[in-house]
Amino acid sequence: MLSKYIKIGVFILIGLIGISATINKDKLFEISKNIEIFINVYKELNSNYVDDLDPAVLMRTGIDAMVSSLDPYTNYISESQVERYKISDDSKYQGIGASVINYNDKIYIQDPLEGGPAHAAGLRSGDQLMTVNGTEVKDLKIEDIDRNLRGIAGTPVRLTVRKMTTNKVEELELERGEVNIPNVPYAGFVNGDIGYINLTTFTDNAGVNISKELKKLKRENPNIEGVIIDLRFNGGGLLREAIAICNIFVPKGEAVVSTKGKVKEEDRVFSTMAAPEDVDIPVTVLVNGRSASASEIVSGVLQDLDRAVIVGQRSFGKGLVQNFFEIGYNNRVKVTTSKYYIPSGRCIQGVEYKDGVPVDIADDKRSVFKTKNKRPVLDGGGVTPDVKLPTPEKSPFVKSLIEQHILFDYANQYVLKNDSIRDIESFVFSDYEGFKSFVKSKNFNYKTYGEKEYDQFKESLGKENEEVAKSFNNEMAVLKTKFESIKAQDFAKYKNELVNEIEKELIARYFFQKGKTQINLRNDSEVAEAVKVIKDQDRYNKILKN
């Protein structure tokens with residue numbers, strides 16, 4: 001047993017010799033001391049703990065605790081996770097090209113990607129998934145089902161499904177594919193002469209596709225007044241594509257991003273390399289709390305160079321660079337090695353975390369930097385928009401209808417009765433009374449914020465003595481009746497919001513993500529504000545010069 005720990009010590013000593021050149025003696029001593037302590041703790045646990053220990057599990061626990069004390073993006077990836085991690089971390093989806101949901105204890109296909117294996121095999125939203133490779137899915141977790149559906153492109157997967165349109169059970173064998181999810185699902189015009197381009201992820205050719213769509217918009221309308229770049233819910237991707245998109249709007253040779261880390265020899269400065277597409281067209285960029293990484297580079301760079309007005313909510317706050325390192329036995333560690341800095345010199349990375357998410361730091365605790373026109377901008381937690389908008393919130397009524405999959409179920413029934421929708425532009429959902437009847441047939445119920453507080457108060461009353469609890473009976477009954485009366489008005493109160501959600505759900509069945517994005521523009525208050533900013537050129541110029 002002792003020889004095992006000697007071997008471990010030798011390996012550690014060799015490792016320390018290898019890294020000693022990069023650290024001072026005091027730090028080398030601290031590393032050596034603490035590794036020795038770690039080995040001794042492990043030795044005593046292994047020798048004396050009351051139950052048998054699995055060395056792999058114990059070490060994995062220690063490693064996970066070590067990396068989780070740093071940031072959410074530094075991770076240990078074991079041999080068994082490597083292939084799965086490659087699939088999930090790739091810029092292209094590998095699998096059947098569809099997600100699944102659990103509704104009424106049954107698993108259904110949802111949102112097949114246009115052109116993906118599921119779509120090509122005739123699978124549609126609402127088809128019931130029964131087995132994957134012979135295993136029944138009804139008792140599996142959604143993440144386990146999704147893991148079985150995803151896999152290396154070219155590998156087969158056998159499915160049993162009950163088709164929604166025929167109610168027949170079919171056996172299918174699909175070949176998983178590498179699905180290139182469109183990074184620009186939609187581009188077009190809003191409010192007549194304002195271009196709109198939606199970018200969902202910074203995968204290959206994102207810059208080329210944005211440039212192509214901008215050129216197309218300018219050809220279609222030579223009187224184009226400006227362009228909106230929508231980066232909401234865009235979690236980022238490739239740095240080179242972020243630089244390419246910046247290059248569309250700023251001159252060649254402009255330093256846009258730098259990376260700085262512990263190893264100074266690896267610090268980099270990235271500049272635009274090509275002639276721009278248009279340095280004069282007014283630009284607004286939409287961001288929100290889920291715009292991260294490359295999205296923050298683009299919005300931050302264009303803000304720092306006073307090239308665009310940023311509209312929306314403060315972005316996520318991820319300005320870190322990760323690299324993979326082999327650590328033996330086909331295990332890897334993904335390590336944050338540097339941080340991104342944009343032209344003003346600020347870093348967009350959040351400085352505090354809670355549950356893996358950056359904490360929103362108050363503005364007065366963030367450092368001030370200056371844009372090209374000397375406007376103040378802040379570091380330490382995402383990009384703060386020039387035009388701040390409140391976060392759009394769905395009403396509890398509509399949110400509950402979505403979460404309980406009532407809209408999903410209604411769309412299934414709609415598709416059974418309607419083979420097609422002629423076009424997106426003219427489509428208007430008009431059977432609201434029919435939808436209300438459908439919801440009532442589902443025994444839909446939900447609780448308002450007030451009702452949840454009511455339930456907590458009622459539970460607290462139950463802990464009082466019987467006489468005190470009874471004294472509230474009349475008041476509680478009145479409150480309950482009042483809540484029911486208020487909820488009875490929700491179909492009328494939230495009609496516009498609900499019709500918008502119904503239209504998105506229905507259009508997605510026939511025109512996929514592109515159609516869903518396009519129809520969402522009808523009632524998008526944030527897009528409407530971005531349009532106002534471009535239309536009011538005095539306001540636009542004042543924002544960029546102040």
# chains A, B, ... in the order shown; residues from 1 in each chain; ligands from 1
$ residues_around --residues "region 223-234 of chain A" --least-positions-apart "3" --cutoff "6 Å" --atoms "only C-alpha atoms" --output "list in words"
Asp193, Ile194, Gly195, Tyr196, Ile197, Asn198, Leu199, Thr200, Thr201, Ile281, Pro282, Val283, Thr284, Val285, Leu286, Val287, Asn288, Arg290 and Ser291 of chain A
$ closest_atom_pairs --of "region 58-131 of chain A" --to "region 408-424 of chain A" --cutoff "12 Å" --atoms "only C-alpha atoms" --output "JSON lines"
{"residue": "A:Val100", "atom": "CA", "partner": "A:Phe408", "partner_atom": "CA", "distance": 11.9}
{"residue": "A:Ile101", "atom": "CA", "partner": "A:Phe408", "partner_atom": "CA", "distance": 10.0}
{"residue": "A:Asn102", "atom": "CA", "partner": "A:Phe408", "partner_atom": "CA", "distance": 11.2}
{"residue": "A:Tyr103", "atom": "CA", "partner": "A:Asp409", "partner_atom": "CA", "distance": 8.8}
{"residue": "A:Asn104", "atom": "CA", "partner": "A:Asp409", "partner_atom": "CA", "distance": 10.4}
{"residue": "A:Tyr108", "atom": "CA", "partner": "A:Phe408", "partner_atom": "CA", "distance": 10.1}
{"residue": "A:Ile109", "atom": "CA", "partner": "A:Phe408", "partner_atom": "CA", "distance": 10.8}
{"residue": "A:Gln110", "atom": "CA", "partner": "A:Phe408", "partner_atom": "CA", "distance": 8.9}
{"residue": "A:Asp111", "atom": "CA", "partner": "A:Phe408", "partner_atom": "CA", "distance": 10.5}
{"residue": "A:Arg124", "atom": "CA", "partner": "A:Asn412", "partner_atom": "CA", "distance": 9.6}
{"residue": "A:Ser125", "atom": "CA", "partner": "A:Asn412", "partner_atom": "CA", "distance": 7.5}
{"residue": "A:Gly126", "atom": "CA", "partner": "A:Asn412", "partner_atom": "CA", "distance": 5.7}
{"residue": "A:Asp127", "atom": "CA", "partner": "A:Asn412", "partner_atom": "CA", "distance": 8.9}
{"residue": "A:Gln128", "atom": "CA", "partner": "A:Asn412", "partner_atom": "CA", "distance": 11.1}
$ write_last_selection --atoms "C-alpha atoms" --output "PDB file, in the first residue's frame"
ATOM      1  CA  VAL A 100     -38.412  16.136 -26.721  1.00  0.00           C
ATOM      2  CA  ILE A 101     -40.866  17.155 -23.984  1.00  0.00           C
ATOM      3  CA  ASN A 102     -42.823  15.302 -21.320  1.00  0.00           C
ATOM      4  CA  TYR A 103     -46.539  16.038 -21.477  1.00  0.00           C
ATOM      5  CA  ASN A 104     -49.146  14.060 -19.503  1.00  0.00           C
ATOM      6  CA  TYR A 108     -43.318  13.954 -27.599  1.00  0.00           C
ATOM      7  CA  ILE A 109     -41.077  15.188 -30.390  1.00  0.00           C
ATOM      8  CA  GLN A 110     -40.729  18.975 -30.349  1.00  0.00           C
ATOM      9  CA  ASP A 111     -39.228  21.507 -32.759  1.00  0.00           C
ATOM     10  CA  ARG A 124     -43.104  16.407 -36.594  1.00  0.00           C
ATOM     11  CA  SER A 125     -43.833  18.238 -33.359  1.00  0.00           C
ATOM     12  CA  GLY A 126     -46.534  16.287 -31.564  1.00  0.00           C
ATOM     13  CA  ASP A 127     -45.414  12.802 -32.639  1.00  0.00           C
ATOM     14  CA  GLN A 128     -45.197  10.576 -29.563  1.00  0.00           C
TER      15      GLN A 128
END
$ select_by_dssp --residues "region 174-382 of chain A" --states "alpha helix (DSSP H)" --output "ChimeraX atom specification"
/A:206-220,239-249,294-304
$ atom_distance --atom1 "CA of Thr391 (chain A)" --atom2 "CA of Gln313 (chain A)"
6.6 Å
$ closest_residue --among "A:Glu425, A:Arg307, A:Asn221, A:Lys260" --to "Asn247 (chain A)" --atoms "only C-alpha atoms"
A:Arg307
$ residues_around --residues "region 321-338 of chain A" --least-positions-apart "5" --cutoff "9 Å" --atoms "only C-alpha atoms" --output "number ranges by chain"
A: 67, 71, 73-82, 259-263, 266-267
$ closest_residue --among "A:Tyr340, A:Phe512, A:Tyr449, A:Phe202" --to "Val184 (chain A)" --atoms "only C-alpha atoms"
A:Phe202
$ residues_around --residues "Gly207 (chain A)" --least-positions-apart "3" --cutoff "12 Å" --atoms "only C-alpha atoms" --output "VMD selection string"
chain A and resid 183 to 184 197 199 201 to 204 210 to 214 229 237 to 249 272 274 276 to 277 294 298
$ residues_around --residues "region 366-383 of chain A" --least-positions-apart "5" --cutoff "6 Å" --atoms "only C-alpha atoms" --output "list in words"
Asp304, Leu305, Arg314, Ser315, Phe316, Gly317, Ser344, Arg346, Cys347, Ile348, Gln349, Gly350, Val351, Lys545 and Asn546 of chain A
$ residues_around --residues "region 134-142 of chain A" --least-positions-apart "3" --cutoff "10 Å" --atoms "only C-alpha atoms" --output "PyMOL selection string"
chain A and resi 99-102+105-107+129-131+145-148+157-160
$ atom_distance --atom1 "CA of Leu498 (chain A)" --atom2 "CA of Phe444 (chain A)"
14.7 Å
$ atom_distance --atom1 "CA of Asn523 (chain A)" --atom2 "CA of Lys495 (chain A)"
12.8 Å
$ residues_around --residues "Ser258 (chain A)" --least-positions-apart "3" --cutoff "9 Å" --atoms "only C-alpha atoms" --output "MDAnalysis selection string"
chainID A and resid 255 267:271 339:343 345
